[in-house]
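The data block below is target_35.cif; it holds mmCIF, C-alpha atoms and all ligand atoms.
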data_model
#
loop_
_atom_site.label_atom_id
_atom_site.label_comp_id
_atom_site.auth_asym_id
_atom_site.auth_seq_id
_atom_site.Cartn_x
_atom_site.Cartn_y
_atom_site.Cartn_z
CA MET A 209 90.98 -22.64 10.43
CA SER A 210 90.56 -22.88 14.17
CA THR A 211 87.24 -22.39 15.89
CA LYS A 212 86.97 -22.00 19.65
CA PHE A 213 83.96 -22.73 21.79
CA THR A 214 83.40 -22.82 25.51
CA PRO A 215 81.58 -25.90 26.85
CA ALA A 216 78.40 -23.81 27.23
CA GLU A 217 78.63 -22.56 23.63
CA ALA A 218 79.31 -26.09 22.40
CA ALA A 219 76.28 -27.40 24.30
CA ASP A 220 74.03 -24.78 22.69
CA ILE A 221 75.22 -25.75 19.20
CA LEU A 222 74.86 -29.47 19.88
CA ILE A 223 71.35 -29.10 21.36
CA GLU A 224 70.18 -27.29 18.23
CA THR A 225 71.97 -29.67 15.88
CA ALA A 226 70.61 -32.79 17.61
CA ARG A 227 67.10 -31.35 17.56
CA GLY A 228 67.38 -30.82 13.80
CA PHE A 229 68.76 -34.30 13.15
CA TYR A 230 66.07 -35.82 15.37
CA ALA A 231 63.38 -34.01 13.40
CA LYS A 232 64.76 -35.64 10.24
CA ARG A 233 64.59 -39.05 12.02
CA TRP A 234 68.37 -39.43 11.96
CA MET A 235 68.78 -39.77 15.77
CA GLU A 236 65.81 -41.84 16.84
CA GLY A 237 65.58 -43.89 20.02
CA THR A 238 68.33 -41.80 21.74
CA SER A 239 70.80 -43.05 19.08
CA GLY A 240 73.92 -41.35 17.81
CA ASN A 241 76.33 -38.97 19.47
CA LEU A 242 77.67 -35.51 18.70
CA SER A 243 80.76 -33.73 20.02
CA ILE A 244 82.65 -30.45 19.76
CA ARG A 245 86.32 -29.97 20.59
CA ILE A 246 87.10 -27.47 23.37
CA ARG A 247 90.29 -25.72 22.34
CA SER A 248 92.76 -24.05 24.68
CA ASP A 249 95.27 -21.20 24.32
CA GLU A 250 97.93 -23.34 25.98
CA MET A 251 100.57 -24.93 23.80
CA ASP A 252 100.16 -28.72 23.60
CA ALA A 253 97.00 -28.60 25.70
CA PRO A 254 95.50 -32.08 26.13
CA LEU A 255 92.48 -33.07 24.09
CA ARG A 256 89.10 -32.08 25.53
CA TYR A 257 85.68 -32.25 23.93
CA LEU A 258 82.06 -31.97 24.92
CA ILE A 259 79.93 -34.98 23.90
CA THR A 260 76.33 -36.05 24.31
CA ALA A 261 75.76 -38.29 27.33
CA SER A 262 74.32 -41.76 26.76
CA GLY A 263 70.64 -42.51 26.61
CA HIS A 264 69.06 -39.07 26.23
CA ASP A 265 66.31 -38.13 23.78
CA LYS A 266 68.17 -36.30 21.01
CA GLY A 267 65.11 -34.24 20.22
CA ALA A 268 65.01 -32.75 23.71
CA LEU A 269 68.59 -32.38 24.97
CA THR A 270 69.32 -29.88 27.73
CA ALA A 271 72.60 -28.37 28.91
CA ASN A 272 72.76 -31.16 31.51
CA ASP A 273 72.89 -33.90 28.89
CA PHE A 274 76.57 -33.55 27.99
CA VAL A 275 79.88 -34.63 29.41
CA LEU A 276 83.30 -33.03 29.08
CA VAL A 277 85.79 -35.73 28.10
CA GLY A 278 89.59 -35.85 28.09
CA GLU A 279 92.13 -38.26 26.64
CA GLY A 280 91.36 -41.96 26.94
CA GLY A 281 87.64 -41.25 27.16
CA GLN A 282 88.05 -39.97 30.72
CA VAL A 283 85.04 -37.99 31.95
CA LEU A 284 86.22 -34.65 33.38
CA GLU A 285 82.80 -33.12 34.16
CA PRO A 286 80.37 -33.72 35.70
CA ALA A 287 81.98 -36.07 38.18
CA GLY A 288 80.55 -39.57 38.02
CA ALA A 289 78.85 -39.03 34.66
CA LYS A 290 78.99 -41.62 31.91
CA SER A 291 79.94 -40.70 28.37
CA SER A 292 78.77 -42.43 25.22
CA ALA A 293 80.19 -45.89 24.61
CA GLU A 294 81.49 -44.57 21.32
CA THR A 295 83.54 -41.77 22.86
CA LEU A 296 86.78 -43.44 21.81
CA LEU A 297 85.80 -43.16 18.14
CA HIS A 298 85.41 -39.40 18.55
CA GLU A 299 88.80 -39.31 20.24
CA ALA A 300 90.42 -41.27 17.39
CA ILE A 301 89.12 -38.75 14.86
CA TYR A 302 90.22 -35.72 16.92
CA GLN A 303 93.69 -37.23 17.39
CA LEU A 304 94.10 -37.95 13.69
CA HIS A 305 92.54 -34.72 12.42
CA GLU A 306 93.89 -31.77 14.38
CA GLU A 307 91.71 -29.48 12.26
CA ALA A 308 88.48 -31.26 13.27
CA THR A 309 86.33 -29.18 15.62
CA ALA A 310 83.17 -31.30 15.55
CA VAL A 311 82.48 -35.03 15.15
CA TYR A 312 78.91 -36.09 14.40
CA HIS A 313 77.53 -39.63 14.36
CA VAL A 314 73.97 -40.55 13.41
CA HIS A 315 72.07 -43.80 12.86
CA THR A 316 69.93 -43.34 9.77
CA LEU A 317 67.77 -45.90 8.02
CA ALA A 318 69.47 -45.43 4.65
CA ALA A 319 73.00 -45.66 6.08
CA THR A 320 72.12 -48.78 8.04
CA TYR A 321 70.47 -50.49 5.09
CA LEU A 322 73.18 -49.68 2.54
CA SER A 323 75.92 -50.75 4.93
CA MET A 324 74.32 -54.21 5.12
CA HIS A 325 73.38 -54.65 1.46
CA ALA A 326 75.44 -52.47 -0.86
CA VAL A 327 79.06 -52.59 0.33
CA GLU A 328 81.46 -53.31 -2.52
CA PRO A 329 84.03 -56.15 -2.36
CA GLU A 330 86.78 -53.66 -1.41
CA GLY A 331 84.80 -52.81 1.74
CA VAL A 332 83.66 -49.36 0.60
CA LEU A 333 80.62 -47.54 -0.71
CA THR A 334 81.62 -45.51 -3.77
CA PHE A 335 79.83 -42.35 -4.87
CA SER A 336 80.53 -40.47 -8.09
CA ASP A 337 79.06 -38.08 -10.66
CA LEU A 338 76.73 -36.31 -8.24
CA GLU A 339 76.94 -32.55 -7.70
CA MET A 340 76.29 -33.01 -3.97
CA ILE A 341 79.71 -34.68 -3.61
CA LYS A 342 81.21 -31.19 -3.72
CA GLY A 343 79.66 -30.57 -0.30
CA LEU A 344 82.25 -32.98 1.12
CA GLY A 345 85.03 -30.59 0.14
CA PHE A 346 85.76 -31.61 -3.45
CA ASP A 347 86.04 -29.14 -6.34
CA THR A 348 84.19 -31.30 -8.83
CA HIS A 349 81.56 -34.02 -9.08
CA GLU A 350 83.95 -35.94 -11.34
CA VAL A 351 85.58 -37.88 -8.52
CA ALA A 352 84.91 -41.26 -6.96
CA ILE A 353 84.45 -40.97 -3.20
CA ARG A 354 85.24 -44.17 -1.32
CA LEU A 355 83.48 -44.28 2.04
CA PRO A 356 85.01 -47.01 4.22
CA ALA A 357 82.45 -49.54 5.51
CA ILE A 358 83.78 -51.13 8.68
CA GLU A 359 82.49 -54.15 10.62
CA ASN A 360 80.71 -53.07 13.77
CA ASN A 361 82.37 -54.11 17.03
CA GLN A 362 81.36 -53.47 20.64
CA ASP A 363 85.05 -53.39 21.63
CA MET A 364 85.67 -49.67 21.10
CA ILE A 365 89.46 -49.96 21.39
CA LEU A 366 89.64 -52.53 18.60
CA LEU A 367 87.05 -50.62 16.59
CA SER A 368 88.87 -47.31 16.87
CA GLN A 369 92.12 -48.98 15.76
CA GLU A 370 90.34 -50.45 12.74
CA VAL A 371 88.79 -47.09 11.90
CA LEU A 372 92.19 -45.38 11.93
CA ARG A 373 93.58 -48.12 9.68
CA ARG A 374 90.74 -47.85 7.17
CA LEU A 375 90.12 -44.11 6.82
CA GLU A 376 90.51 -42.80 3.26
CA PRO A 377 92.56 -39.62 2.74
CA PHE A 378 90.37 -36.58 2.02
CA VAL A 379 87.11 -38.46 2.73
CA PRO A 380 85.48 -37.03 5.88
CA GLY A 381 83.66 -40.09 7.10
CA PHE A 382 83.21 -43.81 7.57
CA ILE A 383 80.24 -46.08 8.02
CA LEU A 384 79.86 -48.85 10.57
CA LYS A 385 77.97 -51.83 9.15
CA GLY A 386 74.43 -52.17 10.43
CA HIS A 387 75.01 -49.13 12.59
CA GLY A 388 75.52 -45.63 11.17
CA VAL A 389 77.81 -42.98 9.76
CA TYR A 390 80.52 -40.84 11.35
CA THR A 391 81.71 -37.57 9.89
CA TRP A 392 83.52 -34.45 11.06
CA GLY A 393 84.35 -30.89 10.10
CA ARG A 394 86.67 -27.96 10.76
CA THR A 395 83.63 -26.20 12.20
CA PRO A 396 80.33 -27.50 13.60
CA ALA A 397 78.59 -26.06 10.54
CA GLU A 398 80.88 -28.03 8.24
CA ALA A 399 80.29 -31.26 10.20
CA LYS A 400 76.52 -30.69 9.96
CA ARG A 401 76.83 -30.12 6.23
CA HIS A 402 78.76 -33.36 5.87
CA VAL A 403 76.01 -35.30 7.70
CA GLU A 404 73.46 -33.81 5.33
CA ILE A 405 75.55 -34.59 2.24
CA TRP A 406 76.24 -38.18 3.26
CA GLU A 407 72.57 -38.74 4.01
CA PHE A 408 71.57 -37.27 0.64
CA LEU A 409 74.01 -39.65 -1.08
CA PHE A 410 72.66 -42.61 0.92
CA GLN A 411 69.06 -41.77 0.12
CA TYR A 412 69.90 -41.29 -3.55
CA ARG A 413 71.60 -44.70 -3.66
CA MET A 414 68.68 -46.33 -1.86
CA MET A 415 66.17 -44.80 -4.23
CA ALA A 416 68.17 -45.61 -7.36
CA TRP A 417 68.71 -49.17 -6.26
CA VAL A 418 65.25 -50.02 -4.97
CA THR A 419 63.34 -48.35 -7.79
CA ALA A 420 65.49 -50.20 -10.34
CA VAL A 421 64.06 -53.40 -8.91
CA ASN A 422 60.51 -52.15 -8.39
CA PRO A 423 59.35 -48.85 -9.90
CA GLN A 424 56.59 -48.61 -7.28
CA ALA A 425 58.99 -49.04 -4.39
CA ASN A 426 59.81 -45.36 -4.06
CA LEU A 427 56.50 -45.05 -2.20
CA LEU A 428 58.10 -47.10 0.56
CA LEU A 429 60.99 -44.66 0.80
CA ASN A 430 58.83 -41.77 1.92
CA ARG A 431 59.52 -42.71 5.52
CA MET A 432 63.16 -41.65 5.27
ZN ZN B 501 76.23 -45.37 17.14
#
Kindly return the structure encoded in the file as structure tokens.
Amino acid sequence: MSTKFTPAEAADILIETARGFYAKRWMEGTSGNLSIRIRSDEMDAPLRYLITASGHDKGALTANDFVLVGEGGQVLEPAGAKSSAETLLHEAIYQLHEEATAVYHVHTLAATYLSMHAVEPEGVLTFSDLEMIKGLGFDTHEVAIRLPAIENNQDMILLSQEVLRRLEPFVPGFILKGHGVYTWGRTPAEAKRHVEIWEFLFQYRMMAWVTAVNPQANLLLNRM
């Protein structure tokens, strides 16, 4: 499956997607970054993708709040613009997954909390037995999904190398500890679905865990 978008079309999709995620409180305080690959008809065309620029309110993005990026995180347009610090993580995913057309990254409360308090000794969060797992591309709920949980690092070169080392086959995502989740899809719609599925799984785990300790605590979870 190959999906093509012009930079203008990609911006329209990302504006709408970011607005929706912001409304769910998944991109607060200008956090997170979203990108769409810009494909070319040329053979072996270099990687290009449109990504949200740093520091803009994700609930009110405009067509001017994006940058077109090439290999090595190089900003192609507009001249002099600054891309997100996490651009190299998007690039790592696009390089590894040729089929990926969109990479979405959000900072949610549940993802941040679980990544600090529920990571298993093997460095993963495991999800199983839930029907919603099928939304990640599996045929059955009877699988154990291992989501890599990776130490956060402000050195994006080291971090992207670690991400590539830790990715699990067939699992579209990873979580950065104390930070947020990354996922991707063959289409922007699939990447959006993956964000929604991961967040459902995180909220389920939060609720199951906290209410096991304190049956009244689910009242506190209404914020999410
Ligand atoms: Zn981030």
Pick from A:Ala231, A:His315, A:Ile365, A:Leu338 nearest to A:Gly281, counting all atoms listed in the file: A:Ile365
Distance filter 12 Å around ligand ZN 501 (chain B), atoms: only C-alpha atoms and all ligand atoms, out as a PyMOL selection string: chain A and resi 234-242+260+262-263+292-298+312-316+319-320+360-362+364+382-391
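Distance annotation: of A:Pro215, A:Met251, A:Lys232, A:Glu299, the residue with the minimal separation from A:Asn272 is A:Pro215; atom set is only C-alpha atoms.
Separating atom CA of A:Glu307 from atom CA of A:Ser248 is a distance of 13.6 Å.
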Atom pair atom CA of A:Ser368 / atom CA of A:Tyr321: separation (Å):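 Result for atom CA of A:Ser368 versus atom CA of A:Tyr321: 22.1 Å, one decimal.
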Exercise: A:Ser291 partners within 12 Å, only C-alpha atoms, chain neighbours under 6 positions left out, as a list in words: Asn241, Leu242, Ser243, Tyr257, Leu258, Ile259, Thr260, Ala261, Ser262, Gly263, His264, Asp273, Phe274, Val275, Leu276, Val277, Gly278, Gly280, Gly281, Gln282, Val283, Leu284, Glu285 and His298 of chain A
Selected residue, from A:Trp417, A:Phe213, A:Tyr230, A:Phe410, that lies nearest to A:Met340 when counting only C-alpha atoms: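 For A:Met340, the nearest of the candidates is A:Phe410.
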Distance of atom CA of A:Leu355 from atom CA of A:Glu407, expressed in Å to one decimal place: 12.4 Å
Residue contacts of stretch 402-406 of chain A (6 Å, only C-alpha atoms) excluding same-chain residues fewer than 3 positions away, as a ChimeraX atom specification: /A:344,399,409
Residue nearest A:Ile358 - candidates A:Glu376, A:Ile341, A:Ala300, A:Val332, atoms counted: only C-alpha atoms: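 Among the listed residues, A:Val332 lies closest to A:Ile358.
With only C-alpha atoms as the atoms that count, the minimum distance from A:Ile301 to the choices A:Gly228, A:Gly393, A:Gly345, A:Gly288 is reached by A:Gly393.
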Among the residues A:Ala289, A:Thr309, A:Thr395, A:Glu339, the one that comes closest to A:Tyr412 [using all atoms listed in the file]: A:Glu339
Starting from 6 Å padding per side, set up an axis-aligned box that covers all listed atoms of stretch 263-276 of chain A and hand over centre and edge lengths in Å, one decimal, as JSON.
{"center_x": 74.2, "center_y": -35.4, "center_z": 25.9, "size_x": 30.3, "size_y": 26.1, "size_z": 23.3}
